[in-house]
Structures are given as structure tokens and as C-alpha cells.
>>> print(open('target04.json').read())   # JSON, N, CA and C atoms
[["chain", "number", "residue", "atom", "x", "y", "z"],
["A", 8, "MET", "N", -74.29, -17.66, 5.64],
["A", 8, "MET", "CA", -73.23, -18.30, 4.93],
["A", 8, "MET", "C", -72.97, -19.69, 5.48],
["A", 9, "THR", "N", -72.70, -20.51, 4.57],
["A", 9, "THR", "CA", -72.41, -21.87, 4.99],
["A", 9, "THR", "C", -70.93, -22.12, 4.83],
["A", 10, "PRO", "N", -70.33, -22.78, 5.77],
["A", 10, "PRO", "CA", -68.90, -23.05, 5.66],
["A", 10, "PRO", "C", -68.60, -23.99, 4.50],
["A", 11, "THR", "N", -67.42, -23.68, 3.84],
["A", 11, "THR", "CA", -66.98, -24.52, 2.73],
["A", 11, "THR", "C", -65.86, -25.42, 3.22],
["A", 12, "ILE", "N", -65.95, -26.64, 2.89],
["A", 12, "ILE", "CA", -64.92, -27.59, 3.30],
["A", 12, "ILE", "C", -64.08, -27.90, 2.07],
["A", 13, "VAL", "N", -62.76, -27.71, 2.22],
["A", 13, "VAL", "CA", -61.83, -28.00, 1.14],
["A", 13, "VAL", "C", -61.02, -29.22, 1.56],
["A", 14, "GLU", "N", -60.99, -30.18, 0.68],
["A", 14, "GLU", "CA", -60.23, -31.38, 0.97],
["A", 14, "GLU", "C", -58.95, -31.36, 0.14],
["A", 15, "ILE", "N", -57.85, -31.51, 0.80],
["A", 15, "ILE", "CA", -56.55, -31.57, 0.13],
["A", 15, "ILE", "C", -55.86, -32.82, 0.63],
["A", 16, "LYS", "N", -55.24, -33.49, -0.29],
["A", 16, "LYS", "CA", -54.50, -34.69, 0.12],
["A", 16, "LYS", "C", -53.19, -34.27, 0.76],
["A", 17, "LEU", "N", -52.91, -34.84, 1.88],
["A", 17, "LEU", "CA", -51.67, -34.55, 2.60],
["A", 17, "LEU", "C", -50.46, -34.94, 1.75],
["A", 18, "GLU", "N", -50.58, -35.97, 0.98],
["A", 18, "GLU", "CA", -49.48, -36.43, 0.12],
["A", 18, "GLU", "C", -49.10, -35.37, -0.91],
["A", 19, "ASP", "N", -50.11, -34.69, -1.49],
["A", 19, "ASP", "CA", -49.85, -33.63, -2.47],
["A", 19, "ASP", "C", -49.12, -32.45, -1.83],
["A", 20, "VAL", "N", -49.54, -32.09, -0.62],
["A", 20, "VAL", "CA", -48.90, -30.98, 0.09],
["A", 20, "VAL", "C", -47.45, -31.33, 0.41],
["A", 21, "LEU", "N", -47.22, -32.53, 0.89],
["A", 21, "LEU", "CA", -45.85, -32.95, 1.22],
["A", 21, "LEU", "C", -44.97, -33.03, -0.03],
["A", 22, "THR", "N", -45.52, -33.42, -1.15],
["A", 22, "THR", "CA", -44.77, -33.47, -2.41],
["A", 22, "THR", "C", -44.34, -32.06, -2.83],
["A", 23, "LYS", "N", -45.27, -31.11, -2.72],
["A", 23, "LYS", "CA", -44.93, -29.72, -3.06],
["A", 23, "LYS", "C", -43.83, -29.19, -2.14],
["A", 24, "ILE", "N", -43.97, -29.47, -0.84],
["A", 24, "ILE", "CA", -42.95, -29.02, 0.12],
["A", 24, "ILE", "C", -41.61, -29.65, -0.20],
["A", 25, "ASP", "N", -41.62, -30.94, -0.51],
["A", 25, "ASP", "CA", -40.38, -31.66, -0.83],
["A", 25, "ASP", "C", -39.72, -31.06, -2.08],
["A", 26, "ASN", "N", -40.53, -30.78, -3.09],
["A", 26, "ASN", "CA", -39.98, -30.19, -4.33],
["A", 26, "ASN", "C", -39.36, -28.82, -4.06],
["A", 27, "ARG", "N", -40.03, -28.03, -3.26],
["A", 27, "ARG", "CA", -39.50, -26.70, -2.94],
["A", 27, "ARG", "C", -38.21, -26.81, -2.13],
["A", 28, "LEU", "N", -38.17, -27.73, -1.19],
["A", 28, "LEU", "CA", -36.94, -27.92, -0.40],
["A", 28, "LEU", "C", -35.79, -28.40, -1.28],
["A", 29, "GLU", "N", -36.06, -29.26, -2.24],
["A", 29, "GLU", "CA", -35.01, -29.71, -3.17],
["A", 29, "GLU", "C", -34.49, -28.54, -3.99],
["A", 30, "ARG", "N", -35.41, -27.67, -4.46],
["A", 30, "ARG", "CA", -34.99, -26.50, -5.24],
["A", 30, "ARG", "C", -34.15, -25.56, -4.38],
["A", 31, "ILE", "N", -34.56, -25.34, -3.14],
["A", 31, "ILE", "CA", -33.80, -24.48, -2.23],
["A", 31, "ILE", "C", -32.43, -25.08, -1.95],
["A", 32, "GLU", "N", -32.39, -26.38, -1.76],
["A", 32, "GLU", "CA", -31.11, -27.06, -1.51],
["A", 32, "GLU", "C", -30.18, -26.91, -2.70],
["A", 33, "GLY", "N", -30.72, -27.04, -3.92],
["A", 33, "GLY", "CA", -29.91, -26.87, -5.14],
["A", 33, "GLY", "C", -29.36, -25.45, -5.26],
["A", 34, "GLU", "N", -30.22, -24.48, -4.96],
["A", 34, "GLU", "CA", -29.78, -23.08, -5.02],
["A", 34, "GLU", "C", -28.73, -22.79, -3.95],
["A", 35, "LEU", "N", -28.88, -23.39, -2.79],
["A", 35, "LEU", "CA", -27.89, -23.21, -1.72],
["A", 35, "LEU", "C", -26.55, -23.81, -2.12],
["A", 36, "THR", "N", -26.59, -24.95, -2.78],
["A", 36, "THR", "CA", -25.35, -25.57, -3.27],
["A", 36, "THR", "C", -24.68, -24.66, -4.29],
["A", 37, "ASP", "N", -25.49, -24.09, -5.20],
["A", 37, "ASP", "CA", -24.94, -23.17, -6.20],
["A", 37, "ASP", "C", -24.29, -21.96, -5.53],
["A", 38, "ILE", "N", -24.93, -21.44, -4.50],
["A", 38, "ILE", "CA", -24.39, -20.29, -3.77],
["A", 38, "ILE", "C", -23.06, -20.65, -3.11],
["A", 39, "LYS", "N", -22.98, -21.83, -2.53],
["A", 39, "LYS", "CA", -21.73, -22.26, -1.89],
["A", 39, "LYS", "C", -20.60, -22.42, -2.90],
["A", 40, "VAL", "N", -20.93, -22.97, -4.06],
["A", 40, "VAL", "CA", -19.92, -23.12, -5.12],
["A", 40, "VAL", "C", -19.45, -21.74, -5.58],
["A", 41, "SER", "N", -20.39, -20.82, -5.78],
["A", 41, "SER", "CA", -20.03, -19.47, -6.20],
["A", 41, "SER", "C", -19.17, -18.78, -5.15],
["A", 42, "GLN", "N", -19.51, -18.99, -3.90],
["A", 42, "GLN", "CA", -18.73, -18.39, -2.81],
["A", 42, "GLN", "C", -17.30, -18.93, -2.81],
["A", 43, "ALA", "N", -17.15, -20.21, -3.03],
["A", 43, "ALA", "CA", -15.81, -20.80, -3.07],
["A", 43, "ALA", "C", -15.01, -20.24, -4.24],
["A", 44, "GLN", "N", -15.67, -20.06, -5.39],
["A", 44, "GLN", "CA", -14.99, -19.49, -6.55],
["A", 44, "GLN", "C", -14.57, -18.05, -6.27],
["A", 45, "ILE", "N", -15.44, -17.30, -5.63],
["A", 45, "ILE", "CA", -15.12, -15.90, -5.31],
["A", 45, "ILE", "C", -13.94, -15.84, -4.34],
["A", 46, "LYS", "N", -13.93, -16.74, -3.36],
["A", 46, "LYS", "CA", -12.80, -16.76, -2.42],
["A", 46, "LYS", "C", -11.50, -17.05, -3.14],
["A", 47, "GLY", "N", -11.54, -18.00, -4.08],
["A", 47, "GLY", "CA", -10.34, -18.31, -4.86],
["A", 47, "GLY", "C", -9.89, -17.13, -5.71],
["A", 48, "ASP", "N", -10.86, -16.49, -6.37],
["A", 48, "ASP", "CA", -10.55, -15.32, -7.19],
["A", 48, "ASP", "C", -9.97, -14.19, -6.34],
["A", 49, "LEU", "N", -10.54, -14.01, -5.16],
["A", 49, "LEU", "CA", -10.06, -12.96, -4.25],
["A", 49, "LEU", "C", -8.63, -13.24, -3.80],
["A", 50, "ALA", "N", -8.35, -14.49, -3.48],
["A", 50, "ALA", "CA", -6.98, -14.86, -3.06],
["A", 50, "ALA", "C", -6.00, -14.61, -4.20],
["A", 51, "THR", "N", -6.39, -14.96, -5.42],
["A", 51, "THR", "CA", -5.52, -14.72, -6.58],
["A", 51, "THR", "C", -5.31, -13.23, -6.79],
["A", 52, "PHE", "N", -6.37, -12.46, -6.68],
["A", 52, "PHE", "CA", -6.28, -11.01, -6.85],
["A", 52, "PHE", "C", -5.38, -10.39, -5.79],
["A", 53, "GLN", "N", -5.53, -10.83, -4.54],
["A", 53, "GLN", "CA", -4.70, -10.30, -3.46],
["A", 53, "GLN", "C", -3.23, -10.61, -3.71],
["A", 54, "ALA", "N", -2.94, -11.82, -4.19],
["A", 54, "ALA", "CA", -1.56, -12.18, -4.48],
["A", 54, "ALA", "C", -1.00, -11.32, -5.61],
["A", 55, "GLU", "N", -1.82, -11.07, -6.63],
["A", 55, "GLU", "CA", -1.36, -10.23, -7.74],
["A", 55, "GLU", "C", -1.11, -8.80, -7.28],
["A", 56, "VAL", "N", -2.00, -8.27, -6.46],
["A", 56, "VAL", "CA", -1.84, -6.90, -5.96],
["A", 56, "VAL", "C", -0.57, -6.81, -5.11],
["A", 57, "LYS", "N", -0.36, -7.81, -4.26],
["A", 57, "LYS", "CA", 0.83, -7.80, -3.41],
["A", 57, "LYS", "C", 2.10, -7.85, -4.26],
["A", 58, "GLY", "N", 2.08, -8.71, -5.29],
["A", 58, "GLY", "CA", 3.23, -8.78, -6.19],
["A", 58, "GLY", "C", 3.46, -7.48, -6.92],
["A", 59, "ASN", "N", 2.36, -6.86, -7.38],
["A", 59, "ASN", "CA", 2.48, -5.58, -8.09],
["A", 59, "ASN", "C", 2.99, -4.49, -7.15],
["A", 60, "LEU", "N", 2.55, -4.49, -5.91],
["A", 60, "LEU", "CA", 3.03, -3.49, -4.95],
["A", 60, "LEU", "C", 4.53, -3.66, -4.70],
["A", 61, "ASN", "N", 4.96, -4.91, -4.59],
["A", 61, "ASN", "CA", 6.39, -5.15, -4.40],
["A", 61, "ASN", "C", 7.19, -4.66, -5.60],
["A", 62, "THR", "N", 6.66, -4.90, -6.80],
["A", 62, "THR", "CA", 7.33, -4.43, -8.01],
["A", 62, "THR", "C", 7.38, -2.91, -8.04],
["A", 63, "ILE", "N", 6.28, -2.27, -7.68],
["A", 63, "ILE", "CA", 6.21, -0.80, -7.66],
["A", 63, "ILE", "C", 7.21, -0.25, -6.64],
["A", 64, "LYS", "N", 7.28, -0.87, -5.47],
["A", 64, "LYS", "CA", 8.23, -0.40, -4.45],
["A", 64, "LYS", "C", 9.67, -0.52, -4.96],
["A", 65, "THR", "N", 9.97, -1.64, -5.61],
["A", 65, "THR", "CA", 11.31, -1.84, -6.15],
["A", 65, "THR", "C", 11.63, -0.80, -7.21],
["A", 66, "GLU", "N", 10.67, -0.58, -8.13],
["A", 66, "GLU", "CA", 10.88, 0.41, -9.19],
["A", 66, "GLU", "C", 11.04, 1.82, -8.62],
["A", 67, "LEU", "N", 10.27, 2.12, -7.59],
["A", 67, "LEU", "CA", 10.37, 3.44, -6.96],
["A", 67, "LEU", "C", 11.73, 3.63, -6.31],
["A", 68, "THR", "N", 12.22, 2.59, -5.65],
["A", 68, "THR", "CA", 13.55, 2.66, -5.04],
["A", 68, "THR", "C", 14.62, 2.88, -6.11],
["A", 69, "LEU", "N", 14.52, 2.14, -7.21],
["A", 69, "LEU", "CA", 15.49, 2.30, -8.30],
["A", 69, "LEU", "C", 15.40, 3.70, -8.91],
["A", 70, "THR", "N", 14.19, 4.20, -9.05],
["A", 70, "THR", "CA", 14.01, 5.55, -9.61],
["A", 70, "THR", "C", 14.61, 6.60, -8.69],
["A", 71, "ARG", "N", 14.42, 6.44, -7.39],
["A", 71, "ARG", "CA", 15.03, 7.39, -6.44],
["A", 71, "ARG", "C", 16.55, 7.37, -6.56],
["A", 72, "GLU", "N", 17.12, 6.17, -6.69],
["A", 72, "GLU", "CA", 18.57, 6.06, -6.83],
["A", 72, "GLU", "C", 19.04, 6.72, -8.13],
["A", 73, "ASP", "N", 18.27, 6.51, -9.20],
["A", 73, "ASP", "CA", 18.62, 7.12, -10.49],
["A", 73, "ASP", "C", 18.58, 8.64, -10.41],
["A", 74, "VAL", "N", 17.56, 9.19, -9.75],
["A", 74, "VAL", "CA", 17.44, 10.64, -9.59],
["A", 74, "VAL", "C", 18.61, 11.17, -8.77],
["A", 75, "LYS", "N", 18.96, 10.44, -7.71],
["A", 75, "LYS", "CA", 20.10, 10.87, -6.88],
["A", 75, "LYS", "C", 21.38, 10.87, -7.71],
["A", 76, "ASP", "N", 21.57, 9.83, -8.54],
["A", 76, "ASP", "CA", 22.75, 9.77, -9.40],
["A", 76, "ASP", "C", 22.75, 10.90, -10.42],
["A", 77, "LEU", "N", 21.57, 11.22, -10.98],
["A", 77, "LEU", "CA", 21.48, 12.31, -11.95],
["A", 77, "LEU", "C", 21.84, 13.64, -11.32],
["A", 78, "LYS", "N", 21.34, 13.87, -10.10],
["A", 78, "LYS", "CA", 21.66, 15.12, -9.41],
["A", 78, "LYS", "C", 23.16, 15.23, -9.18],
["A", 79, "SER", "N", 23.75, 14.15, -8.74],
["A", 79, "SER", "CA", 25.20, 14.14, -8.50],
["A", 79, "SER", "C", 25.95, 14.36, -9.81],
["A", 80, "SER", "N", 25.50, 13.71, -10.87],
["A", 80, "SER", "CA", 26.13, 13.84, -12.17],
["A", 80, "SER", "C", 26.01, 15.28, -12.68],
["A", 81, "GLN", "N", 24.86, 15.90, -12.49],
["A", 81, "GLN", "CA", 24.69, 17.28, -12.93],
["A", 81, "GLN", "C", 25.62, 18.22, -12.18],
["A", 82, "ARG", "N", 25.75, 18.02, -10.87],
["A", 82, "ARG", "CA", 26.68, 18.86, -10.10],
["A", 82, "ARG", "C", 28.10, 18.69, -10.64],
["A", 83, "THR", "N", 28.48, 17.46, -10.90],
["A", 83, "THR", "CA", 29.82, 17.19, -11.42],
["A", 83, "THR", "C", 30.01, 17.88, -12.77],
["A", 84, "GLN", "N", 29.02, 17.79, -13.64],
["A", 84, "GLN", "CA", 29.11, 18.42, -14.95],
["A", 84, "GLN", "C", 29.21, 19.94, -14.84],
["A", 85, "ILE", "N", 28.45, 20.52, -13.93],
["A", 85, "ILE", "CA", 28.50, 21.98, -13.74],
["A", 85, "ILE", "C", 29.89, 22.40, -13.27],
["A", 86, "TRP", "N", 30.45, 21.69, -12.30],
["A", 86, "TRP", "CA", 31.78, 22.04, -11.80],
["A", 86, "TRP", "C", 32.84, 21.81, -12.86],
["A", 87, "THR", "N", 32.67, 20.79, -13.67],
["A", 87, "THR", "CA", 33.61, 20.55, -14.77],
["A", 87, "THR", "C", 33.53, 21.68, -15.78],
["A", 88, "LEU", "N", 32.32, 22.12, -16.09],
["A", 88, "LEU", "CA", 32.13, 23.22, -17.04],
["A", 88, "LEU", "C", 32.73, 24.52, -16.49],
["A", 89, "ILE", "N", 32.52, 24.77, -15.19],
["A", 89, "ILE", "CA", 33.12, 25.96, -14.57],
["A", 89, "ILE", "C", 34.65, 25.88, -14.65],
["A", 90, "GLY", "N", 35.20, 24.72, -14.37],
["A", 90, "GLY", "CA", 36.65, 24.54, -14.46],
["A", 90, "GLY", "C", 37.16, 24.75, -15.88],
["A", 91, "LEU", "N", 36.42, 24.24, -16.86],
["A", 91, "LEU", "CA", 36.81, 24.40, -18.26],
["A", 91, "LEU", "C", 36.76, 25.87, -18.67],
["A", 92, "ILE", "N", 35.71, 26.56, -18.27],
["A", 92, "ILE", "CA", 35.59, 27.99, -18.60],
["A", 92, "ILE", "C", 36.73, 28.77, -17.95],
["A", 93, "THR", "N", 37.03, 28.45, -16.70],
["A", 93, "THR", "CA", 38.13, 29.13, -16.00],
["A", 93, "THR", "C", 39.45, 28.87, -16.72],
["A", 94, "THR", "N", 39.67, 27.65, -17.16],
["A", 94, "THR", "CA", 40.90, 27.31, -17.88],
["A", 94, "THR", "C", 40.99, 28.07, -19.20],
["A", 95, "VAL", "N", 39.88, 28.15, -19.93],
["A", 95, "VAL", "CA", 39.88, 28.86, -21.21],
["A", 95, "VAL", "C", 40.14, 30.35, -20.99],
["A", 96, "ILE", "N", 39.49, 30.94, -20.00],
["A", 96, "ILE", "CA", 39.69, 32.37, -19.72],
["A", 96, "ILE", "C", 41.15, 32.61, -19.32],
["A", 97, "THR", "N", 41.69, 31.72, -18.46],
["A", 97, "THR", "CA", 43.09, 31.86, -18.05],
["A", 97, "THR", "C", 44.03, 31.76, -19.25],
["A", 98, "ALA", "N", 43.73, 30.82, -20.16],
["A", 98, "ALA", "CA", 44.57, 30.64, -21.35],
["A", 98, "ALA", "C", 44.49, 31.88, -22.25],
["A", 99, "ILE", "N", 43.30, 32.44, -22.39],
["A", 99, "ILE", "CA", 43.15, 33.64, -23.24],
["A", 99, "ILE", "C", 43.91, 34.82, -22.62],
["A", 100, "VAL", "N", 43.79, 35.01, -21.30],
["A", 100, "VAL", "CA", 44.49, 36.11, -20.64],
["A", 100, "VAL", "C", 46.00, 35.90, -20.76],
["A", 101, "ALA", "N", 46.46, 34.65, -20.56],
["A", 101, "ALA", "CA", 47.90, 34.37, -20.66],
["A", 101, "ALA", "C", 48.39, 34.62, -22.08],
["A", 102, "ALA", "N", 47.61, 34.22, -23.08],
["A", 102, "ALA", "CA", 48.02, 34.46, -24.47],
["A", 102, "ALA", "C", 48.05, 35.95, -24.76],
["A", 103, "ALA", "N", 47.09, 36.69, -24.24],
["A", 103, "ALA", "CA", 47.05, 38.13, -24.47],
["A", 103, "ALA", "C", 48.25, 38.80, -23.83],
["A", 104, "VAL", "N", 48.61, 38.38, -22.63],
["A", 104, "VAL", "CA", 49.77, 38.96, -21.95],
["A", 104, "VAL", "C", 51.03, 38.60, -22.73],
["A", 105, "LYS", "N", 51.14, 37.39, -23.17],
["A", 105, "LYS", "CA", 52.34, 36.93, -23.86],
["A", 105, "LYS", "C", 52.50, 37.64, -25.21],
["A", 106, "LEU", "N", 51.39, 37.86, -25.86],
["A", 106, "LEU", "CA", 51.48, 38.50, -27.16],
["A", 106, "LEU", "C", 51.54, 40.03, -27.04],
["A", 107, "GLY", "N", 51.46, 40.52, -25.85],
["A", 107, "GLY", "CA", 51.65, 41.95, -25.63],
["A", 107, "GLY", "C", 50.41, 42.79, -25.81],
["A", 108, "PHE", "N", 49.27, 42.22, -25.67],
["A", 108, "PHE", "CA", 48.03, 43.01, -25.81],
["A", 108, "PHE", "C", 47.87, 43.96, -24.63],
["A", 109, "PHE", "N", 48.46, 43.59, -23.50],
["A", 109, "PHE", "CA", 48.41, 44.47, -22.36],
["A", 109, "PHE", "C", 49.77, 45.14, -22.23],
["A", 110, "SER", "N", 49.80, 46.45, -22.00],
["A", 110, "SER", "CA", 51.06, 47.15, -21.90],
["A", 110, "SER", "C", 51.64, 46.99, -20.51],
["A", 111, "ASN", "N", 52.99, 46.86, -20.47],
["A", 111, "ASN", "CA", 53.67, 46.77, -19.18],
["A", 111, "ASN", "C", 54.07, 48.19, -18.76],
["A", 112, "PRO", "N", 53.81, 48.61, -17.59],
["A", 112, "PRO", "CA", 54.18, 49.98, -17.16],
["A", 112, "PRO", "C", 55.63, 50.11, -16.87]]
>>> encode(input="target04.json", output="C-alpha cells")
Amino acid sequence: MTPTIVEIKLEDVLTKIDNRLERIEGELTDIKVSQAQIKGDLATFQAEVKGNLNTIKTELTLTREDVKDLKSSQRTQIWTLIGLITTVITAIVAAAVKLGFFSNP
């Protein structure tokens, strides 16, 4: 076998390298821009989540207070109903005694 000699111009090789480096540099710039956009989007998202959590906490606190008020209101209504029933029963018994439904010994 005889050796083959390949001649390549150094200028052509350097041009190819330069073109590839320019393309890589452009892609790196695009990546940096995308990264900056993602950071901005992430900061906006975090702020929205924090705001939503604060709103949820506030609503939960108000709901707890409303439930506490409802429980108290229900107890009051039950005791009022018991008092009303007692009053009606007392009035019926008093009317029965007054009208003589029960005999006096």
C-alpha cells in the first residue's frame, strides 16, 4: 500500500470552525434568553401562588368563624325551641287545670 496524501487548506478548516463557533454562540445566547424568561415566569408564578395561599388562608379563617357562629346559633335555637315547648306545655296544663279537666280531691 502506498500512503495517500490529502491536502486541505488551513483557511477552509478555520472557516468551518469559525462558522460552527458562531452557531454555538447563537444557540448559547438563545438558551440564556430562554433561561431569563423562565426565571421571570417562575417569579411571577411564585408570587401568584403566594397570593393565592394568602387568600385561601383568609377564606379558611373566615369559614372557621362562620362555622363557629353557626354552631353557636344552632345551640341558641335549640334552647329557644326547648323554652318555647316548655312554655306551650305549661300553658296547656294551666288551661286544663283552670278549665277543670283535672279533678281536685
>>> select_by_dssp(input="target04.json", residues="chain A", states="alpha helix (DSSP H)", output="number ranges by chain")
A: 17-105
>>> axis_aligned_box(input="target04.json", around="segment 8-23 of chain A", padding_each_side="3 Å", output="JSON")
{"center_x": -59.1, "center_y": -27.0, "center_z": 1.4, "size_x": 36.5, "size_y": 24.8, "size_z": 14.8}
>>> atom_distance(input="target04.json", atom1="atom CA of Glu14 of chain A", atom2="atom C of Asn26 of chain A")
21.6 Å
>>> atom_distance(input="target04.json", atom1="atom N of Leu17 of chain A", atom2="atom N of Glu34 of chain A")
25.9 Å
>>> atom_distance(input="target04.json", atom1="atom CA of Val74 of chain A", atom2="atom N of Asn61 of chain A")
20.6 Å
